[in-house]
Amino acid sequence: MVGIITFPYAVVTNHLLPFSCIRNNTTVNFYKKRQQQHYYYCQCTVDSNSVTNAVTTTTSDDMFSVNTDSYDSSFDYLGQSTKGDLNLKYEVNGQVDVARKGPIEEVAKLQALEAEGLLNGLGIQDPSSSRHSPRGIFCTRTLNLRSISAIGYDMDYTLMHYNVMAWEGRAYDYCMENLKKVGFPVDGLAFDPDLVIRGLVIDKENGNLVKADRFGYVKRAMHGTKLLSTRAVSEIYGRELVDLRKESRWEFLNTLFSVSEAVAYMQMVDRLDEGIISPDLGALDYKGLYKARKAVGKALFRAHVEGQLKSEIMSKPELFVEPDPELPLALLDQKEAGKKLLLITNSDYIYTDKMMRHSFNRFLPNDMNWRDLFDMVIVSARKPEFFQMSHPLYEVVTSEGLMRPCFKARPGGLYSGGSAQMVENSLGIHGDEILYVGDHIYTDVSVSKVHLRWRTALICRELEEEYNALIHSREHRAMLVDLIKQKEVVGDLFNQLRLALQRRNMGRPAQTMAATHMDDKELTESVQKLLIVMQRLDEKIAPMLEEDGEHFNKRWGYLSRAGLWDKSHLMRQIEKYADIYTSRVSNFLHYTPFMYFRSQEQTLAHDSYSFYESQINP
């Protein structure tokens with residue numbers, strides 16, 4: 001079997017690095033095209049009989065160069081740096097230049113088909129198929145992974161995923177214990193993980209939890225633990241938008257760590273409404289209740305989450321952490337591709353070392369340990385301040401976590417504190433040469449992008465559940481869409497006949513001669529019939545809209561959607577600040593460290609109309 005694939009590469013002639021191209025019985029031949037425009041093509045022919053000859057005639061050092069200098073690299077037609085691109089140094093062998101024969105449209109079509117066949121033959125899922133799966137990596141802003149020199153990772157809920165019920169459930173228990181100690185009535189309360197999802201917003205003034213669309217309009221709301229009706233939502237929020245800049249009122253639930261705190265607050269709102277919170281705690285309104293609970297929560301976090309809870313997790317990590325054998329291998333691919341890997345976490349060294357050893361060491365080859373993966377480790381980073389300002393830097397010098405002051409970070413080091421600027425200066429890498437991966441919209445993704453122009457990736461484990469829920473509800477959504485389209489058509493006729501009736505009553509002709517000559521009785525009866533049909537459609541559509549998304553969460557619907565077609569406020573934040581997003585870091589394993597992520601076309605409201613017009617008026 002022989003297969004031919006042609007890959008185009010932009011030419012950069014500086015800095016030559018070895019690169020192996022003979023793999024899995026593949027002979028590689030090279031051909032040059034349009035040298036004056038600096039484009040080259042690499043033709044790969046699978047031929048088991050030619051491997052030996054290929055090995056004896058040339059080496060990868062002689063054939064390839066990799067552009068490693070960001071200052072000398074150019075930019076492609078999408079504005080992405082060509083740093084990291086693989087280039088040809090010269091042509092080898094005298095075979096027919098297939099890549100340059102014939103129109104490029106035909107050549108590309110043939111090569112794409114052969115590439116698809118070769119991928120299938122090798123048992124490798126192509127990236128386009130991976131995107132249509134719950135384990136896909138989704139792109140909001142085009143990202144050339146080849147041009148990324150360093151990849152930084154958060155740890156909690158990024159490099160390791162906690163069992164939400166176990167971790168947040170225990171955090172909730174500790175929170176209730178502390179609230180009880182200061183006098184809050186907590187008896188009979190229990191942790192309900194389905195009460196809250198990521199991306200909701202706490203309205204501190206009203207004691208509400210709300211879900212907003214991308215514009216900030218509230219679509220669903222809950223007062224305490226009770227869902228509000230559509231009418232109540234409209235009365236409360238019909239004239240205002242959720243504005244996250246007003247931190248005194250709105251609190252955005254950025255991460256899964258927010259779940260237990262939000263559940264506790266909404267349950268305390270119920271107790272406040274019931275009038276059973278002791279007056280000894282002060283005259284509390286909803287905002288005062290939030291502040292009081294937050295103060296207790298901070299004390300809880302320092303005294304218990306950082307103490308008792310983390311000690312509990314370290315003693316039995318298997319109860320709290322869900323292992324992912326593919327994750328260390330995904331990072332190993334990136335490291336072997338020349339990426340510098342960074343671990344930047346707010347957790348302390350003792351906890352980080354214990355959890356990383358548990359999650360990584362057993363899945364790494366050749367007796368590697370987790371430290372071997374990373375070119376730099378920074379614990380107790382104090383994000384988001386880490387990305388905005390400089391804190392004292394300490395070097396961790398013993399396995400017990402003892403530290404000494406340090407004034408300059410060096411590659412390979414283990415540090416506490418410091419700043420992102422120190423990392424950049426140490427590695428000689430800045431701005432968009434660095435990709436940072438984390439689970440927190442603000443602490444990890446927004447601040448690193450806004451202040452440093454790092455490229456960003458968001459980890460959102462719930463995407464897998466939402467994807468499966470959408471698949472499960474396809475028939476329901478299809479039926480709902482059909483009913484809405486029927487309502488639109490019926491409604492269009494109803495509006496036209498209503499206008500004709502209005503004009504007739506005013507002694508003026510209708511829109512058309514046919515409508516003008518309609519019998520009075522026929523016109524009136526038609527309007528009445530259409531009105532009844534629309535009312536019945538509304539009665540059918542309304543509950544179906546309420547049910548939409550219940551396979552993900554019965555109260556709040558889908559994570560990324562607000563209503564049938566619109567995006568949620570969380571999804572708008574993801575699109576604004578995350579260049580790519582996915583459910584887990586190990587999804588990188590299904591791609592390559594050289595992946596070119598391209599954002600999808602962003603449709604506009606008038607696109608369908610302009611397309612339709614082009615079909616009927618070519």
# chains A, B, ... in the order shown; residues from 1 in each chain; ligands from 1
>>> select_by_dssp(residues="region 450-535 of chain A", states="strand (DSSP E)", output="list in words")
Arg455, Thr456, Ala457, Leu458 and Ile459 of chain A
>>> write_last_selection(atoms="all heavy atoms", output="CSV table (one decimal), in the first residue's frame")
chain,number,residue,atom,x,y,z
A,455,ARG,N,-1.3,33.5,26.0
A,455,ARG,CA,-2.4,32.7,25.4
A,455,ARG,C,-3.0,31.8,26.5
A,455,ARG,O,-2.3,31.5,27.4
A,455,ARG,CB,-1.9,31.8,24.2
A,455,ARG,CG,-1.2,32.5,23.1
A,455,ARG,CD,-2.0,33.7,22.6
A,455,ARG,NE,-3.2,33.3,21.9
A,455,ARG,CZ,-3.3,33.0,20.6
A,455,ARG,NH1,-2.3,33.0,19.8
A,455,ARG,NH2,-4.5,32.7,20.1
A,456,THR,N,-4.3,31.5,26.4
A,456,THR,CA,-5.0,30.9,27.5
A,456,THR,C,-5.8,29.7,27.1
A,456,THR,O,-6.4,29.6,26.0
A,456,THR,CB,-5.9,31.9,28.2
A,456,THR,OG1,-6.8,32.5,27.2
A,456,THR,CG2,-5.1,33.0,28.8
A,457,ALA,N,-6.0,28.7,28.0
A,457,ALA,CA,-6.8,27.6,27.8
A,457,ALA,C,-7.6,27.4,29.1
A,457,ALA,O,-7.0,27.4,30.2
A,457,ALA,CB,-6.0,26.3,27.5
A,458,LEU,N,-8.9,27.1,29.0
A,458,LEU,CA,-9.8,26.9,30.1
A,458,LEU,C,-10.1,25.4,30.2
A,458,LEU,O,-10.5,24.8,29.2
A,458,LEU,CB,-11.0,27.7,30.1
A,458,LEU,CG,-12.0,27.6,31.3
A,458,LEU,CD1,-11.5,28.4,32.4
A,458,LEU,CD2,-13.4,27.9,30.9
A,459,ILE,N,-10.0,24.9,31.4
A,459,ILE,CA,-10.5,23.5,31.7
A,459,ILE,C,-11.8,23.6,32.4
A,459,ILE,O,-12.0,24.2,33.4
A,459,ILE,CB,-9.5,22.8,32.6
A,459,ILE,CG1,-8.1,22.7,31.9
A,459,ILE,CG2,-9.9,21.3,32.8
A,459,ILE,CD1,-8.0,22.1,30.5
>>> residues_around(residues="Thr443 (chain A)", least_positions_apart="2", cutoff="6 Å", atoms="only C-alpha atoms", output="PyMOL selection string")
chain A and resi 383-384+440
>>> write_last_selection(atoms="all heavy atoms", output="compact mmCIF listing (two decimals), in the first residue's frame")
# COMPACT_ATOMS: atom_id res chain seq x y z
N LYS A 383 -2.10 33.67 42.94
CA LYS A 383 -2.85 34.18 41.79
C LYS A 383 -4.17 34.76 42.29
O LYS A 383 -4.73 34.26 43.26
CB LYS A 383 -3.13 33.03 40.79
CG LYS A 383 -1.89 32.40 40.18
CD LYS A 383 -2.27 31.24 39.27
CE LYS A 383 -2.90 30.10 40.06
NZ LYS A 383 -3.27 28.95 39.21
N PRO A 384 -4.72 35.80 41.70
CA PRO A 384 -4.29 36.43 40.45
C PRO A 384 -3.19 37.47 40.59
O PRO A 384 -2.69 37.96 39.58
CB PRO A 384 -5.58 37.10 39.96
CG PRO A 384 -6.29 37.48 41.22
CD PRO A 384 -6.00 36.37 42.21
N HIS A 440 -10.04 28.45 36.33
CA HIS A 440 -10.71 29.62 36.89
C HIS A 440 -10.73 30.74 35.85
O HIS A 440 -9.67 31.20 35.41
CB HIS A 440 -9.97 30.08 38.14
CG HIS A 440 -10.76 30.99 39.03
ND1 HIS A 440 -11.10 32.27 38.66
CD2 HIS A 440 -11.28 30.81 40.27
CE1 HIS A 440 -11.78 32.85 39.64
NE2 HIS A 440 -11.91 31.99 40.62
>>> closest_atom_pairs(of="region 201-231 of chain A", to="region 264-288 of chain A", cutoff="8 Å", atoms="only C-alpha atoms", output="tab-separated table")
residue	atom	partner	partner_atom	distance
A:Lys204	CA	A:Lys287	CA	4.8
A:Glu205	CA	A:Lys287	CA	5.2
A:Asn206	CA	A:Tyr286	CA	6.1
A:Gly207	CA	A:Tyr286	CA	5.1
A:Asn208	CA	A:Met266	CA	7.6
A:Leu209	CA	A:Met266	CA	7.7
A:His223	CA	A:Met266	CA	7.4
A:Gly224	CA	A:Met266	CA	4.4
A:Thr225	CA	A:Met266	CA	5.8
>>> atom_distance(atom1="CA of Tyr394 (chain A)", atom2="CA of Asn254 (chain A)")
29.2 Å
>>> select_by_dssp(residues="region 261-470 of chain A", states="alpha helix (DSSP H)", output="ChimeraX atom specification")
/A:261-274,286-300,310-315,326-336,349-360,370-373,385-388,420-427,447-452,462-470
>>> write_last_selection(atoms="C-alpha atoms", output="short mmCIF file (atom, residue, chain, number, x, y, z; two decimals), in the first residue's frame")
data_model
loop_
_atom_site.label_atom_id
_atom_site.label_comp_id
_atom_site.auth_asym_id
_atom_site.auth_seq_id
_atom_site.Cartn_x
_atom_site.Cartn_y
_atom_site.Cartn_z
CA GLU A 261 -19.91 28.30 49.36
CA ALA A 262 -22.87 29.17 47.11
CA VAL A 263 -24.95 26.27 48.43
CA ALA A 264 -24.29 27.38 52.01
CA TYR A 265 -25.27 31.00 51.25
CA MET A 266 -28.54 30.12 49.50
CA GLN A 267 -29.55 27.87 52.39
CA MET A 268 -28.80 30.68 54.87
CA VAL A 269 -31.05 32.99 52.80
CA ASP A 270 -33.90 30.55 53.49
CA ARG A 271 -33.12 30.65 57.21
CA LEU A 272 -33.05 34.45 57.16
CA ASP A 273 -36.46 34.55 55.43
CA GLU A 274 -37.82 32.12 58.03
CA TYR A 286 -29.08 39.63 52.33
CA LYS A 287 -25.88 41.55 51.67
CA GLY A 288 -24.99 41.54 55.36
CA LEU A 289 -25.67 37.82 55.46
CA TYR A 290 -23.33 37.33 52.52
CA LYS A 291 -20.58 39.33 54.24
CA ALA A 292 -21.02 37.42 57.49
CA ARG A 293 -20.95 34.08 55.72
CA LYS A 294 -17.98 35.19 53.62
CA ALA A 295 -16.06 36.18 56.74
CA VAL A 296 -16.75 32.79 58.25
CA GLY A 297 -15.85 31.24 54.90
CA LYS A 298 -12.45 32.94 54.85
CA ALA A 299 -11.74 31.75 58.36
CA LEU A 300 -12.88 28.31 57.28
CA LYS A 310 -6.20 19.16 52.92
CA SER A 311 -4.68 16.88 55.55
CA GLU A 312 -7.67 14.60 55.09
CA ILE A 313 -7.22 14.62 51.32
CA MET A 314 -3.48 13.93 51.56
CA SER A 315 -4.08 10.98 53.86
CA GLU A 326 -3.52 9.84 29.91
CA LEU A 327 -2.74 13.22 31.46
CA PRO A 328 0.98 12.73 32.28
CA LEU A 329 1.53 11.27 28.80
CA ALA A 330 -0.02 14.35 27.17
CA LEU A 331 2.46 16.55 29.06
CA LEU A 332 5.32 14.22 28.16
CA ASP A 333 4.52 14.68 24.46
CA GLN A 334 4.64 18.44 24.91
CA LYS A 335 7.94 18.32 26.77
CA GLU A 336 9.58 16.06 24.19
CA TYR A 349 4.52 22.71 48.40
CA ILE A 350 3.66 19.84 50.76
CA TYR A 351 0.15 19.48 49.35
CA THR A 352 1.32 19.95 45.75
CA ASP A 353 4.07 17.34 46.03
CA LYS A 354 1.79 14.79 47.67
CA MET A 355 -1.05 15.19 45.18
CA MET A 356 1.18 15.32 42.10
CA ARG A 357 3.03 12.18 43.16
CA HIS A 358 -0.29 10.43 43.61
CA SER A 359 -1.71 11.64 40.30
CA PHE A 360 1.37 11.45 38.05
CA TRP A 370 6.31 14.47 38.27
CA ARG A 371 9.16 16.94 38.82
CA ASP A 372 10.92 15.60 35.72
CA LEU A 373 8.11 16.97 33.55
CA GLU A 385 -1.77 38.85 42.00
CA PHE A 386 0.98 36.62 40.60
CA PHE A 387 0.10 37.91 37.12
CA GLN A 388 -0.24 41.55 38.19
CA ALA A 420 4.87 35.98 36.21
CA GLN A 421 7.37 38.60 35.09
CA MET A 422 10.11 36.73 36.96
CA VAL A 423 9.13 33.59 35.06
CA GLU A 424 9.28 35.39 31.73
CA ASN A 425 12.68 36.89 32.49
CA SER A 426 14.08 33.59 33.69
CA LEU A 427 13.00 31.67 30.60
CA VAL A 447 -5.83 38.13 34.30
CA SER A 448 -3.00 36.33 32.50
CA LYS A 449 -4.43 37.40 29.15
CA VAL A 450 -5.30 41.00 30.04
CA HIS A 451 -2.08 41.86 31.89
CA LEU A 452 0.50 39.71 30.11
CA GLU A 462 -18.67 19.79 32.94
CA LEU A 463 -18.40 20.08 29.14
CA GLU A 464 -18.41 16.29 28.85
CA GLU A 465 -21.67 15.97 30.74
CA GLU A 466 -23.22 18.85 28.80
CA TYR A 467 -22.17 17.35 25.46
CA ASN A 468 -23.80 14.04 26.35
CA ALA A 469 -26.91 15.83 27.63
CA LEU A 470 -27.23 17.68 24.32
#
>>> atom_distance(atom1="CA of Lys219 (chain A)", atom2="CA of Leu244 (chain A)")
16.0 Å
>>> atom_distance(atom1="CA of Gly417 (chain A)", atom2="CA of Asn346 (chain A)")
8.8 Å
>>> closest_atom_pairs(of="region 483-589 of chain A", to="region 136-155 of chain A", cutoff="8 Å", atoms="only C-alpha atoms", output="Markdown table")
| residue | atom | partner | partner_atom | distance |
| --- | --- | --- | --- | --- |
| A:Glu575 | CA | A:Thr140 | CA | 5.7 |
| A:Ala578 | CA | A:Thr140 | CA | 7.1 |
| A:Asp579 | CA | A:Arg141 | CA | 4.7 |
| A:Ile580 | CA | A:Cys139 | CA | 4.3 |
| A:Tyr581 | CA | A:Phe138 | CA | 5.3 |
| A:Thr582 | CA | A:Ile137 | CA | 4.8 |
| A:Ser583 | CA | A:Gly136 | CA | 7.7 |
| A:Asn587 | CA | A:Gly136 | CA | 6.6 |
| A:Phe588 | CA | A:Ile137 | CA | 7.6 |
>>> residues_around(residues="region 513-518 of chain A", least_positions_apart="2", cutoff="10 Å", atoms="only C-alpha atoms", output="list in words")
Gln496, Leu497, Leu499, Ala500, Leu501, Arg503, Arg504, Arg508, Pro509, Ala510, Gln511, Asp520, Lys521, Glu522, Leu523 and Thr524 of chain A
>>> write_last_selection(atoms="N, CA, C and O atoms", output="mmCIF file, in the first residue's frame")
data_model
loop_
_atom_site.group_PDB
_atom_site.id
_atom_site.type_symbol
_atom_site.label_atom_id
_atom_site.label_comp_id
_atom_site.auth_asym_id
_atom_site.auth_seq_id
_atom_site.Cartn_x
_atom_site.Cartn_y
_atom_site.Cartn_z
ATOM 1 N N GLN A 496 -50.416 39.602 9.211
ATOM 2 C CA GLN A 496 -50.845 40.228 7.960
ATOM 3 C C GLN A 496 -52.367 40.386 7.918
ATOM 4 O O GLN A 496 -52.887 41.436 7.499
ATOM 5 N N LEU A 497 -53.078 39.342 8.360
ATOM 6 C CA LEU A 497 -54.539 39.439 8.368
ATOM 7 C C LEU A 497 -55.018 40.444 9.409
ATOM 8 O O LEU A 497 -56.027 41.145 9.203
ATOM 9 N N LEU A 499 -53.431 43.138 10.227
ATOM 10 C CA LEU A 499 -53.221 44.455 9.627
ATOM 11 C C LEU A 499 -54.287 44.747 8.576
ATOM 12 O O LEU A 499 -54.787 45.885 8.479
ATOM 13 N N ALA A 500 -54.652 43.724 7.805
ATOM 14 C CA ALA A 500 -55.713 43.918 6.802
ATOM 15 C C ALA A 500 -57.031 44.285 7.481
ATOM 16 O O ALA A 500 -57.777 45.163 6.999
ATOM 17 N N LEU A 501 -57.329 43.611 8.596
ATOM 18 C CA LEU A 501 -58.547 43.915 9.337
ATOM 19 C C LEU A 501 -58.493 45.324 9.907
ATOM 20 O O LEU A 501 -59.496 46.066 9.884
ATOM 21 N N ARG A 503 -56.814 47.895 8.681
ATOM 22 C CA ARG A 503 -56.981 48.859 7.581
ATOM 23 C C ARG A 503 -58.437 48.919 7.112
ATOM 24 O O ARG A 503 -58.952 49.992 6.763
ATOM 25 N N ARG A 504 -59.085 47.749 7.102
ATOM 26 C CA ARG A 504 -60.489 47.732 6.678
ATOM 27 C C ARG A 504 -61.345 48.539 7.640
ATOM 28 O O ARG A 504 -62.248 49.289 7.206
ATOM 29 N N ARG A 508 -59.407 51.825 4.734
ATOM 30 C CA ARG A 508 -58.301 51.841 3.777
ATOM 31 C C ARG A 508 -58.116 50.445 3.187
ATOM 32 O O ARG A 508 -58.445 49.440 3.817
ATOM 33 N N PRO A 509 -57.550 50.346 1.975
ATOM 34 C CA PRO A 509 -57.345 49.036 1.344
ATOM 35 C C PRO A 509 -56.259 48.237 2.075
ATOM 36 O O PRO A 509 -55.354 48.801 2.696
ATOM 37 N N ALA A 510 -56.347 46.920 1.974
ATOM 38 C CA ALA A 510 -55.357 46.034 2.597
ATOM 39 C C ALA A 510 -54.067 46.021 1.781
ATOM 40 O O ALA A 510 -53.947 46.718 0.758
ATOM 41 N N GLN A 511 -53.090 45.199 2.211
ATOM 42 C CA GLN A 511 -51.769 45.175 1.587
ATOM 43 C C GLN A 511 -51.819 44.696 0.147
ATOM 44 O O GLN A 511 -51.042 45.145 -0.704
ATOM 45 N N ASP A 520 -65.674 39.826 4.964
ATOM 46 C CA ASP A 520 -65.515 40.224 6.370
ATOM 47 C C ASP A 520 -65.549 39.015 7.298
ATOM 48 O O ASP A 520 -64.725 38.881 8.213
ATOM 49 N N LYS A 521 -66.497 38.141 7.079
ATOM 50 C CA LYS A 521 -66.626 36.970 7.935
ATOM 51 C C LYS A 521 -65.415 36.053 7.785
ATOM 52 O O LYS A 521 -64.869 35.545 8.781
ATOM 53 N N GLU A 522 -64.979 35.855 6.540
ATOM 54 C CA GLU A 522 -63.820 34.993 6.291
ATOM 55 C C GLU A 522 -62.575 35.559 6.961
ATOM 56 O O GLU A 522 -61.779 34.826 7.580
ATOM 57 N N LEU A 523 -62.392 36.883 6.862
ATOM 58 C CA LEU A 523 -61.227 37.526 7.453
ATOM 59 C C LEU A 523 -61.249 37.398 8.973
ATOM 60 O O LEU A 523 -60.243 37.034 9.599
ATOM 61 N N THR A 524 -62.394 37.655 9.570
ATOM 62 C CA THR A 524 -62.498 37.585 11.030
ATOM 63 C C THR A 524 -62.301 36.167 11.540
ATOM 64 O O THR A 524 -61.586 35.935 12.516
#
